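Each remark here refers to the structure printed beneath this line.
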Amino acid sequence: MRILILGGDGYLGWPTALHLSQRGHEVAVADNFARRAWDHELGAESLTPIRSLHERVAAWRNISGRTIGMFVGDLCDYAFLEALVRDFAPEAVVHFGEQRSAPYSMIDRRHAVFTQQNNITGTLNLLYALAEHAPDCHLVKLGTMGEYGTPNIDIEEGYITITHKGRTDTLPYPKQPGSFYHLSKVHDSHNIHFCCRVWGLRATDLNQGVVYGVDTPEIALDERLRTRFDYDAVFGTALNRFLVQAVAGEPLTVYGKGGQTRGFLDIRDTLACVELALLHPAERGEFRVFNQFTEQFDVAGLAAAVREAAQAFGIDAPIEHLPNPRVEREEHYYNAANTRLRDLGLQPHFLSDTLLESVLRVVMRYRDRIRPELFRPAVDWRRTQN
Ligand code: NAD
Ligand code: USQ
């Protein structure tokens with residue numbers, strides 16, 4: 001299959017490109033390196049040293065004999081994206097290329113506006129380019145479980161059947177996202193759904209949970225193929241941060257009571273889920289939603305699991321409950337469906353002591369690069385001044 005990966009320089013986009021290339025697909029990646037610039041803006045850095053995209057693509061060619069095509073440009077630049085879709089003529093597009101941090105989107109008005117412009121415009125441009133030049137192409141879009149928020153009823157996969165005043169319909173599941181970033185994903189979902197209805201495009205929205213992990217089988221082949229691993233308070237996500245905090249001998253930063261429950265998955269399962277969606281495409285005109293996570297955890301439970309795993313290495317990692325910088329429920333009902341990817345054959349890698357230990361081992365290898373000043377959260381959801 002000819003597959004275009006947008007955001008192919010990122011944490012998930014790069015390993016997905018390697019995985020699909022290894023499987024024999026014709027793969028090209030596109031990125032504008034905005035993520036590397038946001039690191040400079042924040043004074044942060046990936047724990048793992050990452051090579052330039054050019055070097056990684058060259059290393060992969062050496063190692064595997066396979067070529068990953070590379071395009072550098074901004075998805076908000078329609079001339080760039082249109083030419084890319086027209087000339088590469090993808091059979092499928094996997095779209096990872098957005099600003100994906102909730103805290104980054106909540107820094108101030110400018111970052112909120114930027115996040116929504118970048119994400120919504122990029123996706124809308126893509127929808128136009130597909131409609132014009134590749135209407136049969138399958139769009140696999142990375143969404144987020146955070147689109148749903150934490151309702152007091154079970155979360156379904158994209159749609160819910162409602163009976164209201166004697167009439168019944170199946171409608172998009174209500175959305176109550178928790179940041180301007182998560183809201184951008186809701187807006188994307190609406191735009192994609194509309195284009196499937198009106199233009200007959202085909203799309204799968206992967207409402208993904210929080211990803212953890214650092215290695216995939218292809219990355220394990222060579223250090224030059226490493227993907228980024230964020231642990232700072234803006235781009236680092238819960239479990240990955242806790243693992244780095246433990247190795248640094250710093251307290252694990254649980255926000256508030258820690259009863260916040262989310263869906264989580266291993267990075268290897270991200271690759272598997274994307275591949276399953278690609279191999280079983282949506283129909284023309286169909287807007288499909290899969291909830292892409294394998295297990296639910298609350299953050300206090302995750303911190304306790306990391307604490308225990310770290311003890312095996314002689315590390316005593318204290319847990320600290322910080323005042324919550326976010327506005328979110330800290331104790332709530334959470335039960336989300338996730339059967340559609342399992343039905344397609346997903347064999348999950350569940351969180352285990354072995355996985356925690358293997359990530360801790362990688363983190364220890366790079367412990368000299370840890371900068372503890374990046375652990376403390378500084379973005380306050382309640383702040384409204386510019
Ligand atoms: P990332 O920041 O590491 O990668 C995103 C990539 O997209 C970056 O390389 C960035 O430079 C590129 N990009 C952003 N805007 C662009 C633009 N306008 N033009 C071209 N390239 C652009 O993020 P990630 O962790 O790999 O996440 C990938 C996707 O998966 C995101 O859409 C994110 O919302 C979603 N997701 C991630 C997680 C997670 O835990 N990491 C969980 C759920 C969903
Ligand atoms: N949290 C802590 N301590 C920390 C970091 C986070 O308690 O040090 C808590 C947060 O308050 C939140 C939960 O952990 O309740 C998850 O936060 P996170 O930073 O791990 O993840 P989130 O902001 O939701 O965003 C990440 C990705 C985003 C993706 C989302 C999936 O950055 O791209 O969309 O996970 S989901 O959470 O399902 O929406």
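Letters A, B, ... mark the chains of the structure tokens in the order given; residue numbers begin at 1 per chain; ligand numbers begin at 1, in order shown.
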Show which residues sit within 12 Å of Val210 (chain A), as an MDAnalysis selection string. Count only C-alpha atoms, and ignore same-chain residues fewer than 6 positions away.
-> chainID A and resid 12 100:102 142:146 235:241 261:267 269:270 291:299
Writing out the chosen residues with C-alpha atoms as a PDB file, in the first residue's frame:
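What landed in selection.pdb:
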ATOM      1  CA  LEU A  12       4.569   8.077  17.151  1.00  0.00           C
ATOM      2  CA  ARG A 100      -0.570  17.485  20.708  1.00  0.00           C
ATOM      3  CA  SER A 101       0.066  18.897  24.173  1.00  0.00           C
ATOM      4  CA  ALA A 102      -2.850  19.972  26.364  1.00  0.00           C
ATOM      5  CA  LEU A 142      -5.202  10.395  15.236  1.00  0.00           C
ATOM      6  CA  GLY A 143      -7.853  11.687  17.592  1.00  0.00           C
ATOM      7  CA  THR A 144      -7.941  11.348  21.356  1.00  0.00           C
ATOM      8  CA  MET A 145      -9.947   9.664  24.100  1.00  0.00           C
ATOM      9  CA  GLY A 146      -9.940  13.106  25.721  1.00  0.00           C
ATOM     10  CA  PHE A 235       4.937  17.476  26.411  1.00  0.00           C
ATOM     11  CA  GLY A 236       5.740  14.590  28.775  1.00  0.00           C
ATOM     12  CA  THR A 237       2.768  12.315  29.501  1.00  0.00           C
ATOM     13  CA  ALA A 238       1.888  10.713  32.826  1.00  0.00           C
ATOM     14  CA  LEU A 239       3.525   7.275  32.852  1.00  0.00           C
ATOM     15  CA  ASN A 240       6.593   8.268  30.796  1.00  0.00           C
ATOM     16  CA  ARG A 241       7.169  11.195  33.165  1.00  0.00           C
ATOM     17  CA  THR A 261      -8.733   7.709  35.051  1.00  0.00           C
ATOM     18  CA  ARG A 262      -7.645   7.488  31.415  1.00  0.00           C
ATOM     19  CA  GLY A 263      -7.150   4.866  28.721  1.00  0.00           C
ATOM     20  CA  PHE A 264      -3.494   3.890  28.124  1.00  0.00           C
ATOM     21  CA  LEU A 265      -1.583   1.841  25.564  1.00  0.00           C
ATOM     22  CA  ASP A 266       1.908   0.625  24.753  1.00  0.00           C
ATOM     23  CA  ILE A 267       3.615   2.369  21.814  1.00  0.00           C
ATOM     24  CA  ASP A 269       0.053  -1.203  20.130  1.00  0.00           C
ATOM     25  CA  THR A 270      -0.226   2.240  18.508  1.00  0.00           C
ATOM     26  CA  ASN A 291     -11.278   3.894  20.781  1.00  0.00           C
ATOM     27  CA  GLN A 292      -7.572   3.107  20.750  1.00  0.00           C
ATOM     28  CA  PHE A 293      -6.410   2.091  24.213  1.00  0.00           C
ATOM     29  CA  THR A 294      -5.885  -1.264  25.879  1.00  0.00           C
ATOM     30  CA  GLU A 295      -6.301  -0.618  29.637  1.00  0.00           C
ATOM     31  CA  GLN A 296      -7.680   2.001  32.012  1.00  0.00           C
ATOM     32  CA  PHE A 297      -5.662   3.302  34.959  1.00  0.00           C
ATOM     33  CA  ASP A 298      -5.898   6.153  37.392  1.00  0.00           C
ATOM     34  CA  VAL A 299      -2.772   8.264  37.732  1.00  0.00           C
TER      35      VAL A 299
END
Find the spatial neighbours of region 13-30 of chain A, counting only C-alpha atoms, within a cut-off of 9 Å - ignore same-chain residues fewer than 2 positions away - and output them as a PyMOL selection string.
-> chain A and resi 1-11+32+53+60+64+66-75+84+88+94-97+215-219+225-227+267-268+270-272+274-275
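CA of Ala336 (chain A) sits 4.4 Å away from CA of Ile155 (chain A).
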Give the strand (DSSP E) residues of region 65-156 of chain A, as assigned by DSSP on the backbone, as a ChimeraX atom specification.
-> /A:69-72,92-95,138-144
For those residues, write N, CA and C atoms to a file as a short mmCIF file (atom, residue, chain, number, x, y, z; two decimals), in the first residue's frame.
data_model
loop_
_atom_site.label_atom_id
_atom_site.label_comp_id
_atom_site.auth_asym_id
_atom_site.auth_seq_id
_atom_site.Cartn_x
_atom_site.Cartn_y
_atom_site.Cartn_z
N GLY A 69 10.23 7.85 1.82
CA GLY A 69 10.23 9.16 1.17
C GLY A 69 10.09 10.25 2.23
N MET A 70 10.62 11.43 1.95
CA MET A 70 10.62 12.49 2.97
C MET A 70 10.21 13.82 2.35
N PHE A 71 9.25 14.48 2.98
CA PHE A 71 8.79 15.78 2.48
C PHE A 71 8.77 16.75 3.65
N VAL A 72 9.36 17.92 3.46
CA VAL A 72 9.42 18.89 4.55
C VAL A 72 8.51 20.06 4.22
N ALA A 92 -3.46 5.54 1.39
CA ALA A 92 -3.88 5.85 2.76
C ALA A 92 -3.00 6.96 3.31
N VAL A 93 -3.60 7.81 4.14
CA VAL A 93 -2.84 8.84 4.85
C VAL A 93 -3.03 8.60 6.35
N VAL A 94 -1.93 8.57 7.08
CA VAL A 94 -2.02 8.49 8.55
C VAL A 94 -1.62 9.87 9.07
N HIS A 95 -2.55 10.53 9.75
CA HIS A 95 -2.33 11.94 10.13
C HIS A 95 -2.04 12.08 11.63
N HIS A 138 -7.89 6.37 2.02
CA HIS A 138 -8.41 6.16 3.38
C HIS A 138 -7.64 7.06 4.35
N LEU A 139 -8.35 7.96 5.00
CA LEU A 139 -7.72 8.82 6.01
C LEU A 139 -7.79 8.15 7.37
N VAL A 140 -6.62 7.93 7.96
CA VAL A 140 -6.55 7.41 9.34
C VAL A 140 -6.05 8.56 10.19
N LYS A 141 -6.92 9.10 11.00
CA LYS A 141 -6.64 10.34 11.74
C LYS A 141 -6.47 10.03 13.21
N LEU A 142 -5.39 10.58 13.81
CA LEU A 142 -5.20 10.39 15.24
C LEU A 142 -6.04 11.40 15.99
N GLY A 143 -7.05 10.88 16.69
CA GLY A 143 -7.85 11.69 17.59
C GLY A 143 -7.44 11.36 19.01
N THR A 144 -8.32 11.59 19.97
CA THR A 144 -7.94 11.35 21.36
C THR A 144 -9.15 10.92 22.19
#
Find the nearest atom pair between each residue of region 304-381 of chain A and region 172-186 of chain A for residues within 9 Å, count only C-alpha atoms, give distances in Å to one decimal, sort rows by chain and ascending number, and present the table as a tab-separated table.
residue	atom	partner	partner_atom	distance
A:Arg326	CA	A:Gly178	CA	8.6
A:Val327	CA	A:Gly178	CA	7.5
A:Glu328	CA	A:Gly178	CA	6.9
A:Trp381	CA	A:Ser179	CA	8.2
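Checking A:Arg367, A:Arg361, A:His349, A:Lys257 one by one against ligand 2, counting only C-alpha atoms and all ligand atoms, you find the shortest gap at A:Lys257.
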Just list the residues in region 191-267 of chain A DSSP gives helix (DSSP H, G or I) on the backbone, as a list in words.
->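 After running DSSP on the backbone, region 191-267 of chain A has helix (DSSP H, G or I) at Asn191, Ile192, His193, Phe194, Cys195, Cys196, Arg197, Val198, Trp199, Ile219, Ala220, Leu221, Glu223, Arg224, Leu225, Ala238, Leu239, Asn240, Arg241, Phe242, Leu243, Val244, Gln245, Ala246, Val247, Ala248 and Ile267 of chain A.
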Point out the residue among A:Leu81, A:Met364, A:Met106, A:Ile153 with the least atom-to-atom distance to Asn125 (chain A), counting only C-alpha atoms.
->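 The answer is A:Leu81, which sits nearest to Asn125 (chain A).
Taking only C-alpha atoms and all ligand atoms into account, ligand 2 lies nearest to A:Glu98 out of the set A:Glu283, A:Asp154, A:Glu98, A:Asp316.
Among the candidates A:Glu41, A:Asp230, A:Glu308, A:Asp222, the residue lying nearest to ligand 1 is A:Asp230 (atoms considered: only C-alpha atoms and all ligand atoms).
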Of the candidates A:Gly65, A:Pro318, A:Gly200, A:Gly149, which shows the shortest atom-to-atom distance to ligand 2, using only C-alpha atoms and all ligand atoms?
->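 Once distances to ligand 2 are computed over only C-alpha atoms and all ligand atoms, the minimum belongs to A:Gly149.
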Between A:Pro135, A:Gly158, A:Gly209, A:Pro103, which is the closest to ligand 1 once you count only C-alpha atoms and all ligand atoms?
-> A:Gly209
Please, what distance in Å, to one decimal, runs between CA of Ala131 (chain A) and CA of Val198 (chain A)?
->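 For CA of Ala131 (chain A) relative to CA of Val198 (chain A), the distance reads 10.3 Å.
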